[in-house]
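Working notes, structure below.
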Amino acid sequence: VKLAYKEYWPDLNIGLMQSLFSEMALTRPLLSISIPWRGKVASQIAASQNVVKMTEAAFSAEELDLAAMMADGLFRWRQADREVKLYRENLLPKSRAATQIAQSGYQTGKTGLADFLNAERTYLDFSINYLSAQGLREITLNEISLSIAGVSPEKEDLFR
């Protein structure tokens with residue numbers, strides 16, 4: 001844009017012209033003025049300003065994309081962290097206690113094998129969900145770390 005504004009003003013050249021091919025050495029003054037074509041220069045200035053605006057818009061779009069990616073990652077991390085705490089503090093201990101009660105009931109003959117197996121299956125399902133939530137929390141944390149480092153994490157998400 002600055003160069004285009006410089007071309008907007010007339011250019012003046014002053015010098016001496018000397019002829020070396022004739023028998024007499026002729027020296028003449030030389031004066032040249034270039035008058036810019038105002039419409040061409042104005043269009044160059046407008047094009048340069050449009051490039052600057054497009055670059056600023058692309059930068060703003062990248063900033064918004066990064067902010068949205070960070071907000072999504074933080075939301076998914078908090079959700080996975082809540083699930084980990086729920087399984088670790090509530091569901092797994094209660095399910096383990098229910099499994100132990102069903103096992104002792106089966107050993108004493110008060111409950112059937114199906115009750116014991118259902119309680120054990122529930123405990124194992126909760127364990128799998130707990131480990132999945134832990135894995136998702138760590139994956140999301142690594143995605144956030146990569147975003148902060150400026151490396152774009154892979155778009156393919158295994159847990160979605």
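Letters A, B, ... mark the chains of the structure tokens in the order given; residue numbers begin at 1 per chain; ligand numbers begin at 1, in order shown.
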
>> If you run DSSP on the backbone here, which positions in chain A get helix (DSSP H, G or I)? Please write them as a PyMOL selection string.
In response: chain A and resi 2-7+38-108+113-149

> Which polymer residues have any atom within 10 Å of an atom of range 30-34 of chain A, counting only C-alpha atoms, with same-chain residues fewer than 4 positions away left out, as number ranges by chain?
Replying inline: A: 7, 9-18

> Skipping near chain neighbours, those fewer than 5 positions away, what residues fall within 10 Å of Ala98 in chain A using only C-alpha atoms, listed as a ChimeraX atom specification?
Replying inline: /A:92-93,103-104,116,119-120,122-123

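In this model, the gap between CA of Val84 in chain A and CA of Leu131 in chain A comes to 8.1 Å.
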
>> Between A:Asp72, A:Glu56, A:Asp125, A:Glu83, which residue has the minimum interatomic distance to Ser95 in chain A, considering only C-alpha atoms?
In response: A:Asp125

>> Quick one: residues within 9 Å of Ser152 in chain A, only C-alpha atoms, excluding same-chain residues fewer than 4 positions away - as a ChimeraX atom specification?
In response: /A:143,146-147

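Interatomic distance, CA of Ile144 in chain A to CA of Glu62 in chain A: 15.9 Å.
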
>> Taking the DSSP secondary structure from the backbone, can you list the residues of chain A that are strand (DSSP E), as JSON, numbers by chain?
In response: {"A": [11, 12, 13, 14, 15, 16, 17, 18, 19, 26, 27, 28, 29, 30, 31, 32, 33, 34]}

Write out, as a CSV table (one decimal), in the first residue's frame, the residues just selected, with C-alpha atoms.
```csv
chain,number,residue,atom,x,y,z
A,11,ASP,CA,8.5,10.9,-11.0
A,12,LEU,CA,11.1,13.5,-12.1
A,13,ASN,CA,14.5,12.5,-13.5
A,14,ILE,CA,17.3,15.0,-14.3
A,15,GLY,CA,20.5,14.0,-16.0
A,16,LEU,CA,23.1,14.4,-18.8
A,17,MET,CA,23.0,12.5,-22.0
A,18,GLN,CA,26.2,12.1,-23.9
A,19,SER,CA,26.6,10.6,-27.4
A,26,LEU,CA,27.7,15.8,-27.6
A,27,THR,CA,26.5,16.4,-24.1
A,28,ARG,CA,22.9,17.4,-23.6
A,29,PRO,CA,20.8,17.8,-20.5
A,30,LEU,CA,18.0,15.3,-20.0
A,31,LEU,CA,14.8,16.0,-18.2
A,32,SER,CA,12.0,13.4,-17.9
A,33,ILE,CA,8.7,13.4,-16.0
A,34,SER,CA,6.5,10.4,-15.6
```

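Neighbouring residues of Glu138 in chain A at 9 Å or closer, counting only C-alpha atoms and skipping chain neighbours under 5 positions away, are Trp77, Ala80, Ala133 and Glu143 of chain A.
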
Could those residues be written to a file, using N, CA and C atoms, as a PDB file, in the first residue's frame?
```pdb
ATOM      1  N   TRP A  77     -13.436 -32.178  28.443  1.00  0.00           N
ATOM      2  CA  TRP A  77     -12.564 -32.593  29.547  1.00  0.00           C
ATOM      3  C   TRP A  77     -13.316 -32.532  30.878  1.00  0.00           C
ATOM      4  N   ALA A  80     -15.794 -35.433  31.037  1.00  0.00           N
ATOM      5  CA  ALA A  80     -15.115 -36.709  31.304  1.00  0.00           C
ATOM      6  C   ALA A  80     -14.618 -36.750  32.744  1.00  0.00           C
ATOM      7  N   ALA A 133     -13.896 -43.365  30.484  1.00  0.00           N
ATOM      8  CA  ALA A 133     -13.948 -41.947  30.859  1.00  0.00           C
ATOM      9  C   ALA A 133     -12.552 -41.427  31.179  1.00  0.00           C
ATOM     10  N   GLU A 143      -5.362 -33.196  23.465  1.00  0.00           N
ATOM     11  CA  GLU A 143      -5.829 -32.334  22.377  1.00  0.00           C
ATOM     12  C   GLU A 143      -5.723 -30.866  22.771  1.00  0.00           C
TER      13      GLU A 143
END
```

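For the residues A:Phe126, A:Ala46, A:Leu64, A:Ala149, ranking by smallest atom-to-atom distance to Tyr87 in chain A using only C-alpha atoms places A:Phe126 first.
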
> How far is it from CA of Asn118 in chain A to CA of Leu86 in chain A, in Å with one decimal?
Replying inline: 20.8 Å
